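Heads up: the structure comes next, in structure tokens.
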Amino acid sequence: MLCLLSLWLSASAVDLYGKAFIFPKETDTSYVLLSPDLPLSLQAFTLCMKVASVLPTNREIILFAYRTKDYDELNMWQEFNGTFSLYLSGPGVSFTLPALNTFGNHMCVTWESQSGLIAFWVNGKRSLRQVLRPGHRIQPEGTVILGQDPDSFLGSFEKAQSFVGEISNLYMWDHVLSPSVIERVYLDYSFPKGNIFDWQSLSYKCTGDVMVE
Amino acid sequence: MLCLLSLWLSASAVDLYGKAFIFPKETDTSYVLLSPDLPLSLQAFTLCMKVASVLPTNREIILFAYRTKDYDELNMWQEFNGTFSLYLSGPGVSFTLPALNTFGNHMCVTWESQSGLIAFWVNGKRSLRQVLRPGHRIQPEGTVILGQDPDSFLGSFEKAQSFVGEISNLYMWDHVLSPSVIERVYLDYSFPKGNIFDWQSLSYKCTGDVMVE
Amino acid sequence: MLCLLSLWLSASAVDLYGKAFIFPKETDTSYVLLSPDLPLSLQAFTLCMKVASVLPTNREIILFAYRTKDYDELNMWQEFNGTFSLYLSGPGVSFTLPALNTFGNHMCVTWESQSGLIAFWVNGKRSLRQVLRPGHRIQPEGTVILGQDPDSFLGSFEKAQSFVGEISNLYMWDHVLSPSVIERVYLDYSFPKGNIFDWQSLSYKCTGDVMVE
């Protein structure tokens, strides 16, 4: 269905099991707004989603953007050079990972404030860990969007940074899941409900040319 | 935790199951000292560890260094050209193996003095075998360190040879394990305790910027 | 053990299960002579062996040579261009297959005279089939050797064609095995004894620098 139709569904949470957000082409107008079940006041998180894209790797690709009024609080990118990065209100770290592809990779990011340890997980396997902003707290009352990178609170999109492809199975927790649970999330088999975002009970709103199928 | 904290734990053995030594950046100061449960007077050995690194392959990388007062007794390297090598007090052999990566490869080396046969094992599979120092005996009373290559007994480190990444599941035996046991070590399922080093009961001391998580 | 020692064992058949012929370096002197249990008067065959090598692919590599007084009756090669080929007394066909590597590929060749159909099998999976010498019969009373290509009955070896690496699990039958049996040979699980060569009961003689371990 066209995502537009689901506008009306988005007042309450929707079970998207087996479906994906399809971003069929480069735009600076199409995006999905996600409404979290908890305020994003976070000292730890696990963010997972399945991402398929055949965009060239010599181009920035926004994968997840959480922006408060003044800051990009939590942004996940594929960079110009093909690495993947995560930024927390300014500082970021980048990771050498397998490229996005037409079949889709399952990707998670885990971070916790005390040590600052951050890792990507691709198809259930953990990357090398890095340290990012130990002691930091992610601030609430922002906006999560997929498909575009907002350079202001919810606007100033750039076509050349937009996402083209499919995003599905998006889950987010306010803590770090164990390796064995992350493997179960990847396998889509018996794992705890996402307490921030849960693909099987998601409140969202689409704008522009996005399909949900 | 910062490895520094474990300084105090290192008097007795520590169970590191599920953890890794994280070397977050290039230094000539960070390393881990390992205290063996048996003197390294060896006519055979099996050394296993899981290694993750995204260092470029046009650079030497020290993976394991055992040095007595005057000799590099048993050193394991990734070489400039991306091959892996093992040296026993001078002479060495190199092996063409899959590159290190962010998710980690499980690597073992087996050697026994009588035939001199030496092999690497990557994720449970044996490489081609070579012959190294038949009749040789590895000498005891040296120092095992991870992260740096000591050019003197415990010093003269070179940043450009240091290890950056994660090392975990380090085990060492004073004999050659069978192929089926090495596969079980790789699968982390029901294998004999390491009688020289055992990751689940390891005496170690960290120096510099090393984390244990 | 040095293969030399096994000279004395070679009068009777030896069980080589779990062992390999190791050719540690390029020579024009090292080879293994195999004594078949049946004369090689063949209108069909299945030849299987596990082969590990890291020789460069821009070099010929002899994998199996059966020569009668005047002819290369049945020779298996990796060619200059990395393809694999089989020759029957002159004519040959070549196949595009995965490269040899340090961990070893299980390779079989099947051929039968009536149709001339010939296929390679790598790790249990069949290649595209080709046609070679329909109606032909392989002649007996030659010599099978591993490690060298004899340009005369048993000599005129060329170092640059020699095999370096490991060969194991060599079996040969005087008929074409079914796909499911070839998979069991690959899996090393419950398959019929080789009636020409059988790795678990092999008569052989080593010359030069070959190890059996």
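Chain identifiers are assigned as A, B, and so on, following the order in which chains appear in the structure tokens; residues are numbered from 1 within each chain, and ligands are numbered from 1 in order of appearance.
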
Problem - Secondary structure check, strand (DSSP E or B) residues of region 26-209 of chain C, as a PyMOL selection string - result: chain C and resi 31-35+42+44-52+61-67+72-78+84-87+92-95+105-112+117-122+125-126+130-131+138+143-146+152+155+165-173+197+202-207

Practice task
Find the spatial neighbours of region 125-136 of chain B, counting only C-alpha atoms, within a cut-off of 8 Å - ignore same-chain residues fewer than 5 positions away - and output them as JSON, numbers by chain.
Solution key: {"B": [43, 88, 91, 92, 93, 95, 97, 112, 113, 114, 115, 116, 117, 118, 119, 120, 179, 183], "C": [22, 24, 52, 53, 102, 103, 104, 165, 166]}

Dump of N, CA, C and O atoms for the selected residues, as an mmCIF file, in the first residue's frame:
data_model
loop_
_atom_site.group_PDB
_atom_site.id
_atom_site.type_symbol
_atom_site.label_atom_id
_atom_site.label_comp_id
_atom_site.auth_asym_id
_atom_site.auth_seq_id
_atom_site.Cartn_x
_atom_site.Cartn_y
_atom_site.Cartn_z
ATOM 1 N N GLN B 43 58.094 -28.670 23.572
ATOM 2 C CA GLN B 43 58.440 -29.371 22.337
ATOM 3 C C GLN B 43 57.216 -29.543 21.449
ATOM 4 O O GLN B 43 57.284 -30.214 20.414
ATOM 5 N N LEU B 88 60.144 -19.060 15.579
ATOM 6 C CA LEU B 88 60.651 -19.740 16.772
ATOM 7 C C LEU B 88 62.126 -19.398 16.918
ATOM 8 O O LEU B 88 62.951 -19.939 16.173
ATOM 9 N N PRO B 91 64.190 -18.379 13.020
ATOM 10 C CA PRO B 91 63.513 -18.829 11.797
ATOM 11 C C PRO B 91 61.995 -18.768 11.913
ATOM 12 O O PRO B 91 61.430 -18.949 12.993
ATOM 13 N N GLY B 92 61.352 -18.511 10.780
ATOM 14 C CA GLY B 92 59.896 -18.460 10.758
ATOM 15 C C GLY B 92 59.346 -18.973 9.443
ATOM 16 O O GLY B 92 60.079 -19.202 8.483
ATOM 17 N N VAL B 93 58.050 -19.169 9.419
ATOM 18 C CA VAL B 93 57.355 -19.554 8.187
ATOM 19 C C VAL B 93 56.118 -18.689 8.069
ATOM 20 O O VAL B 93 55.567 -18.228 9.064
ATOM 21 N N PHE B 95 52.185 -17.987 6.153
ATOM 22 C CA PHE B 95 50.998 -18.683 5.654
ATOM 23 C C PHE B 95 50.046 -17.690 4.988
ATOM 24 O O PHE B 95 49.851 -16.592 5.490
ATOM 25 N N LEU B 97 46.463 -16.733 4.438
ATOM 26 C CA LEU B 97 45.213 -16.995 5.156
ATOM 27 C C LEU B 97 44.232 -15.856 4.921
ATOM 28 O O LEU B 97 44.628 -14.776 4.486
ATOM 29 N N GLU B 112 54.845 -29.156 16.461
ATOM 30 C CA GLU B 112 55.495 -30.151 17.312
ATOM 31 C C GLU B 112 56.901 -30.398 16.801
ATOM 32 O O GLU B 112 57.164 -30.401 15.595
ATOM 33 N N SER B 113 57.785 -30.566 17.735
ATOM 34 C CA SER B 113 59.219 -30.541 17.471
ATOM 35 C C SER B 113 59.702 -31.728 16.633
ATOM 36 O O SER B 113 60.570 -31.562 15.771
ATOM 37 N N GLN B 114 59.156 -32.892 16.888
ATOM 38 C CA GLN B 114 59.717 -34.096 16.254
ATOM 39 C C GLN B 114 59.731 -33.983 14.724
ATOM 40 O O GLN B 114 60.768 -34.110 14.086
ATOM 41 N N SER B 115 58.576 -33.663 14.139
ATOM 42 C CA SER B 115 58.513 -33.494 12.680
ATOM 43 C C SER B 115 58.767 -32.047 12.278
ATOM 44 O O SER B 115 59.086 -31.764 11.132
ATOM 45 N N GLY B 116 58.587 -31.128 13.219
ATOM 46 C CA GLY B 116 58.650 -29.709 12.878
ATOM 47 C C GLY B 116 57.388 -29.199 12.200
ATOM 48 O O GLY B 116 57.313 -28.037 11.812
ATOM 49 N N LEU B 117 56.381 -30.060 12.056
ATOM 50 C CA LEU B 117 55.166 -29.633 11.336
ATOM 51 C C LEU B 117 54.442 -28.528 12.084
ATOM 52 O O LEU B 117 54.208 -28.611 13.290
ATOM 53 N N ILE B 118 54.068 -27.498 11.326
ATOM 54 C CA ILE B 118 53.363 -26.357 11.884
ATOM 55 C C ILE B 118 52.189 -26.035 10.972
ATOM 56 O O ILE B 118 52.293 -26.120 9.746
ATOM 57 N N ALA B 119 51.050 -25.688 11.579
ATOM 58 C CA ALA B 119 49.871 -25.312 10.794
ATOM 59 C C ALA B 119 49.122 -24.194 11.498
ATOM 60 O O ALA B 119 49.155 -24.095 12.733
ATOM 61 N N PHE B 120 48.490 -23.337 10.721
ATOM 62 C CA PHE B 120 47.496 -22.415 11.243
ATOM 63 C C PHE B 120 46.123 -23.054 11.050
ATOM 64 O O PHE B 120 45.931 -23.867 10.142
ATOM 65 N N PRO B 179 42.328 -32.360 15.233
ATOM 66 C CA PRO B 179 41.438 -31.510 14.436
ATOM 67 C C PRO B 179 40.041 -31.378 15.043
ATOM 68 O O PRO B 179 39.476 -30.281 15.054
ATOM 69 N N GLU B 183 38.271 -27.897 16.368
ATOM 70 C CA GLU B 183 36.966 -27.413 15.925
ATOM 71 C C GLU B 183 36.071 -27.084 17.128
ATOM 72 O O GLU B 183 35.347 -26.090 17.118
ATOM 73 N N ILE C 22 52.238 -34.556 1.990
ATOM 74 C CA ILE C 22 52.638 -33.154 2.036
ATOM 75 C C ILE C 22 53.839 -32.961 1.116
ATOM 76 O O ILE C 22 54.880 -33.607 1.308
ATOM 77 N N PRO C 24 56.229 -30.206 0.479
ATOM 78 C CA PRO C 24 56.493 -28.910 1.117
ATOM 79 C C PRO C 24 57.105 -27.860 0.194
ATOM 80 O O PRO C 24 57.019 -26.683 0.491
ATOM 81 N N ALA C 52 44.941 -29.205 -1.322
ATOM 82 C CA ALA C 52 45.189 -27.874 -0.766
ATOM 83 C C ALA C 52 46.487 -27.343 -1.341
ATOM 84 O O ALA C 52 47.498 -28.057 -1.376
ATOM 85 N N SER C 53 46.463 -26.100 -1.823
ATOM 86 C CA SER C 53 47.682 -25.510 -2.378
ATOM 87 C C SER C 53 47.525 -24.002 -2.420
ATOM 88 O O SER C 53 46.427 -23.498 -2.648
ATOM 89 N N THR C 102 44.330 -22.754 0.853
ATOM 90 C CA THR C 102 45.096 -23.363 1.946
ATOM 91 C C THR C 102 44.282 -24.370 2.745
ATOM 92 O O THR C 102 44.834 -25.258 3.386
ATOM 93 N N PHE C 103 42.959 -24.249 2.740
ATOM 94 C CA PHE C 103 42.129 -25.162 3.529
ATOM 95 C C PHE C 103 41.772 -26.429 2.761
ATOM 96 O O PHE C 103 41.347 -27.414 3.350
ATOM 97 N N GLY C 104 41.936 -26.395 1.435
ATOM 98 C CA GLY C 104 41.675 -27.583 0.644
ATOM 99 C C GLY C 104 40.287 -27.644 0.054
ATOM 100 O O GLY C 104 39.309 -27.296 0.705
ATOM 101 N N GLY C 165 51.910 -28.569 -1.846
ATOM 102 C CA GLY C 165 50.713 -28.493 -1.010
ATOM 103 C C GLY C 165 50.411 -29.870 -0.442
ATOM 104 O O GLY C 165 51.329 -30.647 -0.191
ATOM 105 N N GLU C 166 49.144 -30.140 -0.237
ATOM 106 C CA GLU C 166 48.746 -31.416 0.357
ATOM 107 C C GLU C 166 47.677 -32.109 -0.488
ATOM 108 O O GLU C 166 46.761 -31.463 -0.982
#

Exercise for the section: Name the residues in contact with His106 (chain C) at a cut-off of 12 Å, using only C-alpha atoms, excluding same-chain residues fewer than 6 positions from it; report them as a ChimeraX atom specification. Expected result: /C:47-53,97-100,120-126,166-171,182-188

Would you export the selected residues with N, CA and C atoms as a PDB file, in the first residue's frame, please?
ATOM      1  N   LEU C  47      37.418 -40.253 -10.020  1.00  0.00           N
ATOM      2  CA  LEU C  47      38.668 -39.999  -9.296  1.00  0.00           C
ATOM      3  C   LEU C  47      38.401 -38.861  -8.324  1.00  0.00           C
ATOM      4  N   CYS C  48      38.659 -39.090  -7.054  1.00  0.00           N
ATOM      5  CA  CYS C  48      38.423 -38.053  -6.041  1.00  0.00           C
ATOM      6  C   CYS C  48      39.676 -37.835  -5.204  1.00  0.00           C
ATOM      7  N   MET C  49      39.899 -36.583  -4.795  1.00  0.00           N
ATOM      8  CA  MET C  49      40.939 -36.318  -3.805  1.00  0.00           C
ATOM      9  C   MET C  49      40.737 -34.928  -3.232  1.00  0.00           C
ATOM     10  N   LYS C  50      41.258 -34.738  -2.034  1.00  0.00           N
ATOM     11  CA  LYS C  50      41.247 -33.417  -1.419  1.00  0.00           C
ATOM     12  C   LYS C  50      42.587 -32.764  -1.708  1.00  0.00           C
ATOM     13  N   VAL C  51      42.551 -31.542  -2.216  1.00  0.00           N
ATOM     14  CA  VAL C  51      43.769 -30.855  -2.649  1.00  0.00           C
ATOM     15  C   VAL C  51      43.845 -29.476  -2.004  1.00  0.00           C
ATOM     16  N   ALA C  52      44.941 -29.205  -1.322  1.00  0.00           N
ATOM     17  CA  ALA C  52      45.189 -27.874  -0.766  1.00  0.00           C
ATOM     18  C   ALA C  52      46.487 -27.343  -1.341  1.00  0.00           C
ATOM     19  N   SER C  53      46.463 -26.100  -1.823  1.00  0.00           N
ATOM     20  CA  SER C  53      47.682 -25.510  -2.378  1.00  0.00           C
ATOM     21  C   SER C  53      47.525 -24.002  -2.420  1.00  0.00           C
ATOM     22  N   LEU C  97      36.585 -23.372 -12.284  1.00  0.00           N
ATOM     23  CA  LEU C  97      36.218 -23.836 -10.939  1.00  0.00           C
ATOM     24  C   LEU C  97      36.820 -22.917  -9.887  1.00  0.00           C
ATOM     25  N   PRO C  98      36.361 -23.016  -8.642  1.00  0.00           N
ATOM     26  CA  PRO C  98      36.981 -22.227  -7.576  1.00  0.00           C
ATOM     27  C   PRO C  98      38.469 -22.560  -7.463  1.00  0.00           C
ATOM     28  N   ALA C  99      39.275 -21.571  -7.113  1.00  0.00           N
ATOM     29  CA  ALA C  99      40.719 -21.754  -7.003  1.00  0.00           C
ATOM     30  C   ALA C  99      41.062 -22.671  -5.834  1.00  0.00           C
ATOM     31  N   LEU C 100      42.191 -23.335  -5.946  1.00  0.00           N
ATOM     32  CA  LEU C 100      42.745 -24.062  -4.809  1.00  0.00           C
ATOM     33  C   LEU C 100      43.047 -23.068  -3.685  1.00  0.00           C
ATOM     34  N   PHE C 120      33.682 -32.161 -13.408  1.00  0.00           N
ATOM     35  CA  PHE C 120      34.388 -31.989 -12.137  1.00  0.00           C
ATOM     36  C   PHE C 120      33.337 -31.809 -11.043  1.00  0.00           C
ATOM     37  N   TRP C 121      33.716 -32.184  -9.837  1.00  0.00           N
ATOM     38  CA  TRP C 121      32.866 -32.016  -8.659  1.00  0.00           C
ATOM     39  C   TRP C 121      33.719 -31.346  -7.595  1.00  0.00           C
ATOM     40  N   VAL C 122      33.296 -30.184  -7.100  1.00  0.00           N
ATOM     41  CA  VAL C 122      34.060 -29.481  -6.073  1.00  0.00           C
ATOM     42  C   VAL C 122      33.226 -29.429  -4.797  1.00  0.00           C
ATOM     43  N   ASN C 123      33.771 -29.999  -3.733  1.00  0.00           N
ATOM     44  CA  ASN C 123      33.067 -30.072  -2.446  1.00  0.00           C
ATOM     45  C   ASN C 123      31.647 -30.609  -2.638  1.00  0.00           C
ATOM     46  N   GLY C 124      31.553 -31.651  -3.439  1.00  0.00           N
ATOM     47  CA  GLY C 124      30.295 -32.376  -3.600  1.00  0.00           C
ATOM     48  C   GLY C 124      29.363 -31.833  -4.666  1.00  0.00           C
ATOM     49  N   LYS C 125      29.715 -30.682  -5.260  1.00  0.00           N
ATOM     50  CA  LYS C 125      28.815 -30.079  -6.249  1.00  0.00           C
ATOM     51  C   LYS C 125      29.360 -30.219  -7.669  1.00  0.00           C
ATOM     52  N   ARG C 126      28.488 -30.637  -8.599  1.00  0.00           N
ATOM     53  CA  ARG C 126      28.925 -30.918  -9.960  1.00  0.00           C
ATOM     54  C   ARG C 126      29.050 -29.653 -10.799  1.00  0.00           C
ATOM     55  N   GLU C 166      49.144 -30.140  -0.237  1.00  0.00           N
ATOM     56  CA  GLU C 166      48.746 -31.416   0.357  1.00  0.00           C
ATOM     57  C   GLU C 166      47.677 -32.109  -0.488  1.00  0.00           C
ATOM     58  N   ILE C 167      47.849 -33.405  -0.633  1.00  0.00           N
ATOM     59  CA  ILE C 167      46.847 -34.239  -1.294  1.00  0.00           C
ATOM     60  C   ILE C 167      46.446 -35.337  -0.311  1.00  0.00           C
ATOM     61  N   SER C 168      45.146 -35.525  -0.150  1.00  0.00           N
ATOM     62  CA  SER C 168      44.676 -36.569   0.757  1.00  0.00           C
ATOM     63  C   SER C 168      43.373 -37.148   0.231  1.00  0.00           C
ATOM     64  N   ASN C 169      42.859 -38.138   0.931  1.00  0.00           N
ATOM     65  CA  ASN C 169      41.563 -38.740   0.622  1.00  0.00           C
ATOM     66  C   ASN C 169      41.431 -39.089  -0.856  1.00  0.00           C
ATOM     67  N   LEU C 170      42.480 -39.702  -1.408  1.00  0.00           N
ATOM     68  CA  LEU C 170      42.448 -40.088  -2.812  1.00  0.00           C
ATOM     69  C   LEU C 170      41.735 -41.437  -2.975  1.00  0.00           C
ATOM     70  N   TYR C 171      40.733 -41.438  -3.812  1.00  0.00           N
ATOM     71  CA  TYR C 171      39.956 -42.645  -4.120  1.00  0.00           C
ATOM     72  C   TYR C 171      39.721 -42.681  -5.620  1.00  0.00           C
ATOM     73  N   ILE C 182      28.832 -39.240  -4.414  1.00  0.00           N
ATOM     74  CA  ILE C 182      29.953 -38.292  -4.461  1.00  0.00           C
ATOM     75  C   ILE C 182      29.848 -37.296  -3.321  1.00  0.00           C
ATOM     76  N   GLU C 183      28.644 -36.896  -2.972  1.00  0.00           N
ATOM     77  CA  GLU C 183      28.505 -36.015  -1.810  1.00  0.00           C
ATOM     78  C   GLU C 183      28.961 -36.728  -0.536  1.00  0.00           C
ATOM     79  N   ARG C 184      28.658 -38.033  -0.434  1.00  0.00           N
ATOM     80  CA  ARG C 184      29.099 -38.750   0.765  1.00  0.00           C
ATOM     81  C   ARG C 184      30.614 -38.919   0.778  1.00  0.00           C
ATOM     82  N   VAL C 185      31.229 -39.074  -0.395  1.00  0.00           N
ATOM     83  CA  VAL C 185      32.697 -39.123  -0.435  1.00  0.00           C
ATOM     84  C   VAL C 185      33.257 -37.799   0.077  1.00  0.00           C
ATOM     85  N   TYR C 186      32.656 -36.682  -0.399  1.00  0.00           N
ATOM     86  CA  TYR C 186      33.080 -35.349   0.069  1.00  0.00           C
ATOM     87  C   TYR C 186      32.913 -35.217   1.582  1.00  0.00           C
ATOM     88  N   LEU C 187      31.761 -35.673   2.079  1.00  0.00           N
ATOM     89  CA  LEU C 187      31.480 -35.558   3.514  1.00  0.00           C
ATOM     90  C   LEU C 187      32.241 -36.611   4.325  1.00  0.00           C
ATOM     91  N   ASP C 188      32.911 -37.528   3.608  1.00  0.00           N
ATOM     92  CA  ASP C 188      33.692 -38.576   4.246  1.00  0.00           C
ATOM     93  C   ASP C 188      32.799 -39.433   5.146  1.00  0.00           C
TER      94      ASP C 188
END

Practice task
List the neighbours of Asp151 (chain B) out to 9 Å using only C-alpha atoms; skip same-chain residues closer than 5 positions along the sequence, and give me the result as number ranges by chain.
Solution key: B: 67, 71-72, 156-158

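When CA of Val144 (chain A) is paired with CA of Phe197 (chain A), their separation reads 10.5 Å.
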
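When only C-alpha atoms are used to measure the gap to Ser180 (chain B), the shortest distance among C:Phe80, C:Thr46, C:Glu60, C:Gly18 belongs to C:Gly18.
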
Practice task
Go through A:Leu55, A:Ile145, A:Val212, A:Leu177 one by one, measure the shortest atom-to-atom distance of each to Leu33 (chain A) using only C-alpha atoms, and give the residue with the smallest value.
Solution key: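 Among the listed residues, the smallest separation from Leu33 (chain A) belongs to A:Ile145.
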
Practice task
Find the residues around region 137-142 of chain A up to 6 Å (only C-alpha atoms counted), leave out those fewer than 2 positions away in its own chain, and share them as a list in words.
Solution key: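 Near region 137-142 of chain A, the qualifying residues are Pro39, Leu40, Ser41, Leu42, Gln43, Arg67 and Thr68 of chain A.
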
Using the selection just defined, write its residues with N, CA and C atoms as a tab-separated table (two decimals), in the first residue's frame.
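The result, stored in result_10.tsv:
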chain	number	residue	atom	x	y	z
A	39	PRO	N	10.31	8.29	26.04
A	39	PRO	CA	11.16	9.44	25.68
A	39	PRO	C	12.61	8.98	25.49
A	40	LEU	N	13.30	9.54	24.50
A	40	LEU	CA	14.67	9.10	24.22
A	40	LEU	C	15.68	9.79	25.14
A	41	SER	N	15.49	9.60	26.42
A	41	SER	CA	16.45	10.08	27.41
A	41	SER	C	17.27	8.86	27.82
A	42	LEU	N	18.43	8.70	27.14
A	42	LEU	CA	19.07	7.39	27.15
A	42	LEU	C	20.52	7.41	27.61
A	43	GLN	N	20.85	6.47	28.48
A	43	GLN	CA	22.26	6.25	28.81
A	43	GLN	C	22.75	4.92	28.23
A	67	ARG	N	16.78	13.89	15.95
A	67	ARG	CA	17.22	15.27	16.12
A	67	ARG	C	16.34	16.00	17.11
A	68	THR	N	16.98	16.66	18.08
A	68	THR	CA	16.25	17.59	18.94
A	68	THR	C	16.35	18.97	18.30

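Considering only C-alpha atoms, the residue among A:Glu26, A:Ala20, A:Thr83, A:Ser203 positioned nearest to chain B is A:Thr83.
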
Problem - helix (DSSP H, G or I) residues, from DSSP on the backbone, in region 40-198 of chain A, as a list in words - result: Lys159, Ala160, Gln161, Pro179, Ser180, Val181, Ile182, Glu183, Arg184, Val185, Tyr186 and Leu187 of chain A

Now that the selection is made, can you save its residues with N, CA, C and O atoms as a JSON list (two decimals), in the first residue's frame?
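Below is the file selection.json, written as the result:
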[["chain", "number", "residue", "atom", "x", "y", "z"],
["A", 159, "LYS", "N", 18.71, 15.82, -0.95],
["A", 159, "LYS", "CA", 18.46, 14.67, -1.79],
["A", 159, "LYS", "C", 19.66, 13.70, -1.83],
["A", 159, "LYS", "O", 19.49, 12.48, -1.78],
["A", 160, "ALA", "N", 20.86, 14.27, -1.90],
["A", 160, "ALA", "CA", 22.06, 13.44, -2.05],
["A", 160, "ALA", "C", 22.45, 12.70, -0.77],
["A", 160, "ALA", "O", 23.42, 11.96, -0.74],
["A", 161, "GLN", "N", 21.69, 12.91, 0.30],
["A", 161, "GLN", "CA", 21.93, 12.16, 1.54],
["A", 161, "GLN", "C", 20.77, 11.23, 1.85],
["A", 161, "GLN", "O", 20.80, 10.49, 2.82],
["A", 179, "PRO", "N", 24.78, -10.53, 23.39],
["A", 179, "PRO", "CA", 25.07, -11.11, 22.07],
["A", 179, "PRO", "C", 24.07, -12.18, 21.65],
["A", 179, "PRO", "O", 23.66, -12.23, 20.48],
["A", 180, "SER", "N", 23.67, -13.02, 22.58],
["A", 180, "SER", "CA", 22.76, -14.11, 22.17],
["A", 180, "SER", "C", 21.37, -13.57, 21.84],
["A", 180, "SER", "O", 20.69, -14.10, 20.96],
["A", 181, "VAL", "N", 20.94, -12.52, 22.53],
["A", 181, "VAL", "CA", 19.64, -11.93, 22.20],
["A", 181, "VAL", "C", 19.72, -11.21, 20.85],
["A", 181, "VAL", "O", 18.80, -11.31, 20.02],
["A", 182, "ILE", "N", 20.83, -10.52, 20.59],
["A", 182, "ILE", "CA", 20.97, -9.84, 19.29],
["A", 182, "ILE", "C", 20.97, -10.86, 18.16],
["A", 182, "ILE", "O", 20.38, -10.63, 17.11],
["A", 183, "GLU", "N", 21.57, -12.01, 18.40],
["A", 183, "GLU", "CA", 21.49, -13.05, 17.37],
["A", 183, "GLU", "C", 20.03, -13.49, 17.15],
["A", 183, "GLU", "O", 19.61, -13.72, 16.01],
["A", 184, "ARG", "N", 19.25, -13.56, 18.22],
["A", 184, "ARG", "CA", 17.84, -13.95, 18.06],
["A", 184, "ARG", "C", 17.04, -12.86, 17.35],
["A", 184, "ARG", "O", 16.12, -13.16, 16.58],
["A", 185, "VAL", "N", 17.38, -11.59, 17.59],
["A", 185, "VAL", "CA", 16.72, -10.51, 16.86],
["A", 185, "VAL", "C", 17.01, -10.66, 15.37],
["A", 185, "VAL", "O", 16.13, -10.57, 14.51],
["A", 186, "TYR", "N", 18.30, -10.94, 15.04],
["A", 186, "TYR", "CA", 18.69, -11.17, 13.64],
["A", 186, "TYR", "C", 17.92, -12.35, 13.05],
["A", 186, "TYR", "O", 17.39, -12.27, 11.94],
["A", 187, "LEU", "N", 17.83, -13.42, 13.82],
["A", 187, "LEU", "CA", 17.15, -14.62, 13.33],
["A", 187, "LEU", "C", 15.63, -14.45, 13.37],
["A", 187, "LEU", "O", 14.90, -15.31, 12.88]]

Practice task
Using CA of Lys25 (chain B) and CA of Ser85 (chain A) as the two end points, give the distance in Å to one decimal.
Solution key: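 CA of Lys25 (chain B) sits 17.3 Å away from CA of Ser85 (chain A).
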